[in-house]
Amino acid sequence: MNPENQRILEARLEIIGRVQTPFVEQRGTPIQPSFAKDVKGRIIVEEPYIGALEDIEGFEHIWLLYWMDKAAPFRPRVVPYMDVQERGLFATRAPCRPNPIGISVVRLLGREGGILHVSDVDILNDTPLIDIKPYHPKFDAHPKSRAGWLDDNTEDRSVADSRFQAPLSRMREE
Ligand SMILES: C[S@@+](CC[C@H](N)C(=O)[O-])C[C@H]1O[C@@H](n2cnc3c(N)ncnc32)[C@H](O)[C@@H]1O
């Protein structure tokens, strides 16, 4: 096998829905849900997956996994939004990843059939959604966990600029 191919997983991702939000570009978009309190969005789930939403209403928060389709290409080292020096990409949440998967815990406000009303969104409008999972404080919260360079960071920032945005030409094509 060609060594190049050993690093490629031939996979097919189903777009299970789209995220509708007020944000059309990275600049000005909150950098995490905790900085997006009460910013409302909607998840429009594709018809084949609507049945899979059953019982979701009981959860106050849900995980959204999505494809950051307007992210700049992969860079191994980045200056993250919350710092002024370079860090290894995998020690950050920067969007320019080899597989640009985003994860956000959002508040679930309600469901109307295949539409989920959510708040606390840090996601661009029309982003392809690849999964939804329930948030459980017992599984997912470690409030006293060490947070590496973020424990000492001095950069106080809550919204993005365009440093991790795809070139404008690519954004227009899509
Ligand atoms: C620092 S990233 C964190 C995203 C997610 N909460 C995570 O931790 O994986 C947040 C930024 O991603 C950018 N973003 C959101 N949706 C995107 C998309 N579809 N394409 C490119 N960038 C996106 C927005 O600019 C937002 O400010």
# chains A, B, ... in the order shown; residues from 1 in each chain; ligands from 1
>>> select_by_dssp(residues="range 38-166 of chain A", states="strand (DSSP E or B)", output="PDB file with C-alpha atoms, in the first residue's frame")
ATOM      1  CA  LYS A  40     -30.035  32.052  19.197  1.00  0.00           C
ATOM      2  CA  GLY A  41     -29.792  29.559  16.343  1.00  0.00           C
ATOM      3  CA  ARG A  42     -31.768  26.785  14.709  1.00  0.00           C
ATOM      4  CA  ILE A  43     -30.800  23.295  13.655  1.00  0.00           C
ATOM      5  CA  ILE A  44     -32.657  22.139  10.569  1.00  0.00           C
ATOM      6  CA  VAL A  45     -32.434  18.344  10.608  1.00  0.00           C
ATOM      7  CA  HIS A  61     -27.671  20.973  26.598  1.00  0.00           C
ATOM      8  CA  ILE A  62     -26.581  19.052  23.501  1.00  0.00           C
ATOM      9  CA  TRP A  63     -23.270  18.571  21.710  1.00  0.00           C
ATOM     10  CA  LEU A  64     -23.181  19.654  18.094  1.00  0.00           C
ATOM     11  CA  LEU A  65     -20.480  18.200  15.859  1.00  0.00           C
ATOM     12  CA  TYR A  66     -20.080  20.020  12.585  1.00  0.00           C
ATOM     13  CA  TRP A  67     -17.807  20.508   9.618  1.00  0.00           C
ATOM     14  CA  ALA A  71     -11.943  27.243   7.791  1.00  0.00           C
ATOM     15  CA  ARG A  77       1.132  25.751  14.740  1.00  0.00           C
ATOM     16  CA  VAL A  78      -1.204  28.666  15.318  1.00  0.00           C
ATOM     17  CA  ARG A  87       0.805  26.765  20.100  1.00  0.00           C
ATOM     18  CA  GLY A  88       0.523  23.316  18.553  1.00  0.00           C
ATOM     19  CA  ILE A 101     -14.606  19.217  12.945  1.00  0.00           C
ATOM     20  CA  GLY A 102     -16.140  21.677  15.397  1.00  0.00           C
ATOM     21  CA  ILE A 103     -17.748  20.759  18.699  1.00  0.00           C
ATOM     22  CA  SER A 104     -20.077  23.031  20.645  1.00  0.00           C
ATOM     23  CA  VAL A 105     -22.248  22.476  23.699  1.00  0.00           C
ATOM     24  CA  VAL A 106     -25.372  24.524  23.091  1.00  0.00           C
ATOM     25  CA  ARG A 107     -28.513  25.050  25.146  1.00  0.00           C
ATOM     26  CA  LEU A 108     -31.571  23.275  23.753  1.00  0.00           C
ATOM     27  CA  LEU A 109     -34.551  25.630  23.949  1.00  0.00           C
ATOM     28  CA  GLY A 110     -37.110  23.453  22.218  1.00  0.00           C
ATOM     29  CA  ARG A 111     -38.010  21.237  19.301  1.00  0.00           C
ATOM     30  CA  GLU A 112     -40.579  21.589  16.553  1.00  0.00           C
ATOM     31  CA  ILE A 115     -36.157  21.928  13.959  1.00  0.00           C
ATOM     32  CA  LEU A 116     -34.172  22.378  17.159  1.00  0.00           C
ATOM     33  CA  HIS A 117     -34.139  25.834  18.708  1.00  0.00           C
ATOM     34  CA  VAL A 118     -30.827  26.420  20.473  1.00  0.00           C
ATOM     35  CA  SER A 119     -28.840  29.216  22.056  1.00  0.00           C
ATOM     36  CA  THR A 127     -22.659  25.042   8.642  1.00  0.00           C
ATOM     37  CA  PRO A 128     -23.100  21.317   7.829  1.00  0.00           C
ATOM     38  CA  LEU A 129     -24.007  19.330  10.930  1.00  0.00           C
ATOM     39  CA  ILE A 130     -22.561  15.812  11.235  1.00  0.00           C
ATOM     40  CA  ASP A 131     -23.839  14.662  14.651  1.00  0.00           C
ATOM     41  CA  ILE A 132     -25.872  15.557  17.738  1.00  0.00           C
ATOM     42  CA  LYS A 133     -25.235  14.012  21.167  1.00  0.00           C
ATOM     43  CA  PRO A 134     -26.796  14.669  24.572  1.00  0.00           C
ATOM     44  CA  VAL A 159     -15.042  36.971  19.520  1.00  0.00           C
ATOM     45  CA  GLN A 165     -11.006  32.014   7.708  1.00  0.00           C
TER      46      GLN A 165
END
>>> select_by_dssp(residues="range 7-164 of chain A", states="helix (DSSP H, G or I)", output="list of chain:residue names")
A:Pro33, A:Ser34, A:Phe35, A:Glu47, A:Pro48, A:Tyr49, A:Ile50, A:Gly51, A:Ala52, A:Leu53, A:Ile56, A:Glu57, A:Gly58, A:Leu89, A:Phe90, A:Ala91, A:Pro137, A:Lys138, A:Phe139, A:Asp140, A:Gly148, A:Trp149, A:Leu150, A:Asp151
>>> residues_around(residues="Asp126 in chain A", least_positions_apart="6", cutoff="6 Å", atoms="only C-alpha atoms", output="PDB file with all heavy atoms, in the first residue's frame")
ATOM      1  N   ARG A  18     -28.372  21.324   8.963  1.00  0.00           N
ATOM      2  CA  ARG A  18     -27.630  22.585   8.819  1.00  0.00           C
ATOM      3  C   ARG A  18     -27.904  23.442  10.041  1.00  0.00           C
ATOM      4  O   ARG A  18     -28.993  23.392  10.616  1.00  0.00           O
ATOM      5  CB  ARG A  18     -28.095  23.357   7.584  1.00  0.00           C
ATOM      6  CG  ARG A  18     -27.788  22.652   6.288  1.00  0.00           C
ATOM      7  CD  ARG A  18     -26.499  23.147   5.678  1.00  0.00           C
ATOM      8  NE  ARG A  18     -26.103  22.307   4.554  1.00  0.00           N
ATOM      9  CZ  ARG A  18     -24.966  22.421   3.893  1.00  0.00           C
ATOM     10  NH1 ARG A  18     -24.107  23.361   4.227  1.00  0.00           N
ATOM     11  NH2 ARG A  18     -24.665  21.628   2.906  1.00  0.00           N
ATOM     12  N   VAL A  19     -26.907  24.228  10.403  1.00  0.00           N
ATOM     13  CA  VAL A  19     -27.039  25.123  11.555  1.00  0.00           C
ATOM     14  C   VAL A  19     -27.333  26.525  11.031  1.00  0.00           C
ATOM     15  O   VAL A  19     -26.596  27.035  10.188  1.00  0.00           O
ATOM     16  CB  VAL A  19     -25.733  25.141  12.384  1.00  0.00           C
ATOM     17  CG1 VAL A  19     -25.930  25.929  13.668  1.00  0.00           C
ATOM     18  CG2 VAL A  19     -25.261  23.724  12.693  1.00  0.00           C
ATOM     19  N   GLN A  20     -28.410  27.111  11.490  1.00  0.00           N
ATOM     20  CA  GLN A  20     -28.727  28.493  11.104  1.00  0.00           C
ATOM     21  C   GLN A  20     -28.384  29.423  12.258  1.00  0.00           C
ATOM     22  O   GLN A  20     -28.842  29.208  13.390  1.00  0.00           O
ATOM     23  CB  GLN A  20     -30.215  28.619  10.782  1.00  0.00           C
ATOM     24  CG  GLN A  20     -30.619  27.865   9.533  1.00  0.00           C
ATOM     25  CD  GLN A  20     -32.076  28.095   9.171  1.00  0.00           C
ATOM     26  OE1 GLN A  20     -32.880  28.554   9.994  1.00  0.00           O
ATOM     27  NE2 GLN A  20     -32.422  27.758   7.940  1.00  0.00           N
TER      28      GLN A  20
END
>>> closest_residue(among="A:Ile31, A:Cys96, A:Ala11, A:Val84", to="ligand 1", atoms="only C-alpha atoms and all ligand atoms")
A:Ile31
>>> closest_residue(among="A:Ala52, A:Ala72, A:Glu155, A:Asn5", to="Leu168 in chain A", atoms="only C-alpha atoms")
A:Ala72
>>> closest_residue(among="A:Phe74, A:Phe59, A:Phe23, A:Phe35", to="Leu89 in chain A", atoms="only C-alpha atoms")
A:Phe74
>>> closest_residue(among="A:Glu46, A:Glu10, A:Glu25, A:Asp140", to="ligand 1", atoms="only C-alpha atoms and all ligand atoms")
A:Glu25
>>> atom_distance(atom1="atom 5 (C, counted along the ligand's line) of ligand 1", atom2="CA of Leu9 in chain A")
22.8 Å
>>> closest_residue(among="A:Gly58, A:Gly51, A:Pro167, A:Pro3", to="ligand 1", atoms="only C-alpha atoms and all ligand atoms")
A:Pro167
>>> atom_distance(atom1="CA of His136 in chain A", atom2="CA of Glu60 in chain A")
9.1 Å
>>> decode(residues="range 75-111 of chain A", atoms="N, CA and C atoms", output="PDB file, in the first residue's frame")
ATOM      1  N   ARG A  75      -2.885  24.180   9.571  1.00  0.00           N
ATOM      2  CA  ARG A  75      -1.575  24.730   9.965  1.00  0.00           C
ATOM      3  C   ARG A  75      -1.176  24.033  11.259  1.00  0.00           C
ATOM      4  N   PRO A  76       0.053  23.484  11.356  1.00  0.00           N
ATOM      5  CA  PRO A  76       0.420  22.726  12.560  1.00  0.00           C
ATOM      6  C   PRO A  76       0.593  23.587  13.798  1.00  0.00           C
ATOM      7  N   ARG A  77       0.960  24.843  13.599  1.00  0.00           N
ATOM      8  CA  ARG A  77       1.132  25.751  14.740  1.00  0.00           C
ATOM      9  C   ARG A  77       0.326  27.008  14.467  1.00  0.00           C
ATOM     10  N   VAL A  78      -0.338  27.488  15.496  1.00  0.00           N
ATOM     11  CA  VAL A  78      -1.204  28.666  15.318  1.00  0.00           C
ATOM     12  C   VAL A  78      -1.070  29.578  16.532  1.00  0.00           C
ATOM     13  N   VAL A  79      -1.359  30.834  16.338  1.00  0.00           N
ATOM     14  CA  VAL A  79      -1.552  31.723  17.485  1.00  0.00           C
ATOM     15  C   VAL A  79      -3.044  31.705  17.774  1.00  0.00           C
ATOM     16  N   PRO A  80      -3.451  31.030  18.849  1.00  0.00           N
ATOM     17  CA  PRO A  80      -4.903  30.910  19.098  1.00  0.00           C
ATOM     18  C   PRO A  80      -5.512  32.249  19.518  1.00  0.00           C
ATOM     19  N   TYR A  81      -6.826  32.307  19.438  1.00  0.00           N
ATOM     20  CA  TYR A  81      -7.501  33.564  19.791  1.00  0.00           C
ATOM     21  C   TYR A  81      -7.157  34.022  21.206  1.00  0.00           C
ATOM     22  N   MET A  82      -6.960  33.064  22.104  1.00  0.00           N
ATOM     23  CA  MET A  82      -6.798  33.420  23.516  1.00  0.00           C
ATOM     24  C   MET A  82      -5.335  33.560  23.936  1.00  0.00           C
ATOM     25  N   ASP A  83      -4.435  33.719  22.948  1.00  0.00           N
ATOM     26  CA  ASP A  83      -3.029  33.837  23.309  1.00  0.00           C
ATOM     27  C   ASP A  83      -2.328  34.763  22.327  1.00  0.00           C
ATOM     28  N   VAL A  84      -1.076  35.084  22.633  1.00  0.00           N
ATOM     29  CA  VAL A  84      -0.312  35.937  21.728  1.00  0.00           C
ATOM     30  C   VAL A  84       0.902  35.179  21.191  1.00  0.00           C
ATOM     31  N   GLN A  85       1.049  33.909  21.564  1.00  0.00           N
ATOM     32  CA  GLN A  85       2.163  33.134  21.040  1.00  0.00           C
ATOM     33  C   GLN A  85       1.667  31.849  20.390  1.00  0.00           C
ATOM     34  N   GLU A  86       2.544  31.267  19.553  1.00  0.00           N
ATOM     35  CA  GLU A  86       2.155  30.069  18.813  1.00  0.00           C
ATOM     36  C   GLU A  86       1.993  28.865  19.727  1.00  0.00           C
ATOM     37  N   ARG A  87       1.042  28.018  19.380  1.00  0.00           N
ATOM     38  CA  ARG A  87       0.805  26.765  20.100  1.00  0.00           C
ATOM     39  C   ARG A  87       0.582  25.669  19.054  1.00  0.00           C
ATOM     40  N   GLY A  88       0.833  24.431  19.443  1.00  0.00           N
ATOM     41  CA  GLY A  88       0.523  23.316  18.553  1.00  0.00           C
ATOM     42  C   GLY A  88      -0.980  23.270  18.317  1.00  0.00           C
ATOM     43  N   LEU A  89      -1.359  23.048  17.078  1.00  0.00           N
ATOM     44  CA  LEU A  89      -2.790  23.118  16.745  1.00  0.00           C
ATOM     45  C   LEU A  89      -3.650  22.259  17.661  1.00  0.00           C
ATOM     46  N   PHE A  90      -3.135  21.026  17.983  1.00  0.00           N
ATOM     47  CA  PHE A  90      -3.988  20.115  18.760  1.00  0.00           C
ATOM     48  C   PHE A  90      -4.093  20.534  20.227  1.00  0.00           C
ATOM     49  N   ALA A  91      -3.339  21.545  20.630  1.00  0.00           N
ATOM     50  CA  ALA A  91      -3.496  22.114  21.971  1.00  0.00           C
ATOM     51  C   ALA A  91      -4.416  23.335  21.908  1.00  0.00           C
ATOM     52  N   THR A  92      -5.123  23.491  20.805  1.00  0.00           N
ATOM     53  CA  THR A  92      -6.032  24.632  20.625  1.00  0.00           C
ATOM     54  C   THR A  92      -7.348  24.149  20.023  1.00  0.00           C
ATOM     55  N   ARG A  93      -8.301  25.071  19.952  1.00  0.00           N
ATOM     56  CA  ARG A  93      -9.573  24.795  19.273  1.00  0.00           C
ATOM     57  C   ARG A  93      -9.644  25.531  17.937  1.00  0.00           C
ATOM     58  N   ALA A  94      -8.508  25.945  17.406  1.00  0.00           N
ATOM     59  CA  ALA A  94      -8.503  26.698  16.144  1.00  0.00           C
ATOM     60  C   ALA A  94      -9.163  25.884  15.028  1.00  0.00           C
ATOM     61  N   PRO A  95      -9.907  26.541  14.138  1.00  0.00           N
ATOM     62  CA  PRO A  95     -10.641  25.823  13.085  1.00  0.00           C
ATOM     63  C   PRO A  95      -9.777  25.211  11.981  1.00  0.00           C
ATOM     64  N   CYS A  96      -8.506  25.629  11.812  1.00  0.00           N
ATOM     65  CA  CYS A  96      -7.723  25.177  10.636  1.00  0.00           C
ATOM     66  C   CYS A  96      -7.111  23.807  10.906  1.00  0.00           C
ATOM     67  N   ARG A  97      -7.943  22.808  11.018  1.00  0.00           N
ATOM     68  CA  ARG A  97      -7.544  21.450  11.420  1.00  0.00           C
ATOM     69  C   ARG A  97      -7.450  20.530  10.200  1.00  0.00           C
ATOM     70  N   PRO A  98      -6.700  19.390  10.331  1.00  0.00           N
ATOM     71  CA  PRO A  98      -6.666  18.452   9.198  1.00  0.00           C
ATOM     72  C   PRO A  98      -8.076  17.980   8.818  1.00  0.00           C
ATOM     73  N   ASN A  99      -8.904  17.731   9.823  1.00  0.00           N
ATOM     74  CA  ASN A  99     -10.333  17.446   9.619  1.00  0.00           C
ATOM     75  C   ASN A  99     -11.075  18.534  10.400  1.00  0.00           C
ATOM     76  N   PRO A 100     -11.632  19.508   9.714  1.00  0.00           N
ATOM     77  CA  PRO A 100     -12.147  20.688  10.433  1.00  0.00           C
ATOM     78  C   PRO A 100     -13.485  20.420  11.148  1.00  0.00           C
ATOM     79  N   ILE A 101     -13.411  19.552  12.168  1.00  0.00           N
ATOM     80  CA  ILE A 101     -14.606  19.217  12.945  1.00  0.00           C
ATOM     81  C   ILE A 101     -14.711  20.179  14.121  1.00  0.00           C
ATOM     82  N   GLY A 102     -15.865  20.794  14.269  1.00  0.00           N
ATOM     83  CA  GLY A 102     -16.140  21.677  15.397  1.00  0.00           C
ATOM     84  C   GLY A 102     -17.048  20.974  16.383  1.00  0.00           C
ATOM     85  N   ILE A 103     -16.858  21.298  17.670  1.00  0.00           N
ATOM     86  CA  ILE A 103     -17.748  20.759  18.699  1.00  0.00           C
ATOM     87  C   ILE A 103     -18.232  21.923  19.568  1.00  0.00           C
ATOM     88  N   SER A 104     -19.518  21.965  19.815  1.00  0.00           N
ATOM     89  CA  SER A 104     -20.077  23.031  20.645  1.00  0.00           C
ATOM     90  C   SER A 104     -21.173  22.456  21.527  1.00  0.00           C
ATOM     91  N   VAL A 105     -21.140  22.817  22.801  1.00  0.00           N
ATOM     92  CA  VAL A 105     -22.248  22.476  23.699  1.00  0.00           C
ATOM     93  C   VAL A 105     -23.205  23.670  23.684  1.00  0.00           C
ATOM     94  N   VAL A 106     -24.397  23.438  23.169  1.00  0.00           N
ATOM     95  CA  VAL A 106     -25.372  24.524  23.091  1.00  0.00           C
ATOM     96  C   VAL A 106     -26.579  24.195  23.972  1.00  0.00           C
ATOM     97  N   ARG A 107     -27.313  25.239  24.319  1.00  0.00           N
ATOM     98  CA  ARG A 107     -28.513  25.050  25.146  1.00  0.00           C
ATOM     99  C   ARG A 107     -29.692  24.717  24.230  1.00  0.00           C
ATOM    100  N   LEU A 108     -30.410  23.667  24.564  1.00  0.00           N
ATOM    101  CA  LEU A 108     -31.571  23.275  23.753  1.00  0.00           C
ATOM    102  C   LEU A 108     -32.810  23.966  24.305  1.00  0.00           C
ATOM    103  N   LEU A 109     -33.390  24.859  23.488  1.00  0.00           N
ATOM    104  CA  LEU A 109     -34.551  25.630  23.949  1.00  0.00           C
ATOM    105  C   LEU A 109     -35.859  24.929  23.624  1.00  0.00           C
ATOM    106  N   GLY A 110     -35.860  24.135  22.569  1.00  0.00           N
ATOM    107  CA  GLY A 110     -37.110  23.453  22.218  1.00  0.00           C
ATOM    108  C   GLY A 110     -36.990  22.770  20.874  1.00  0.00           C
ATOM    109  N   ARG A 111     -37.999  21.975  20.573  1.00  0.00           N
ATOM    110  CA  ARG A 111     -38.010  21.237  19.301  1.00  0.00           C
ATOM    111  C   ARG A 111     -39.369  21.360  18.644  1.00  0.00           C
TER     112      ARG A 111
END
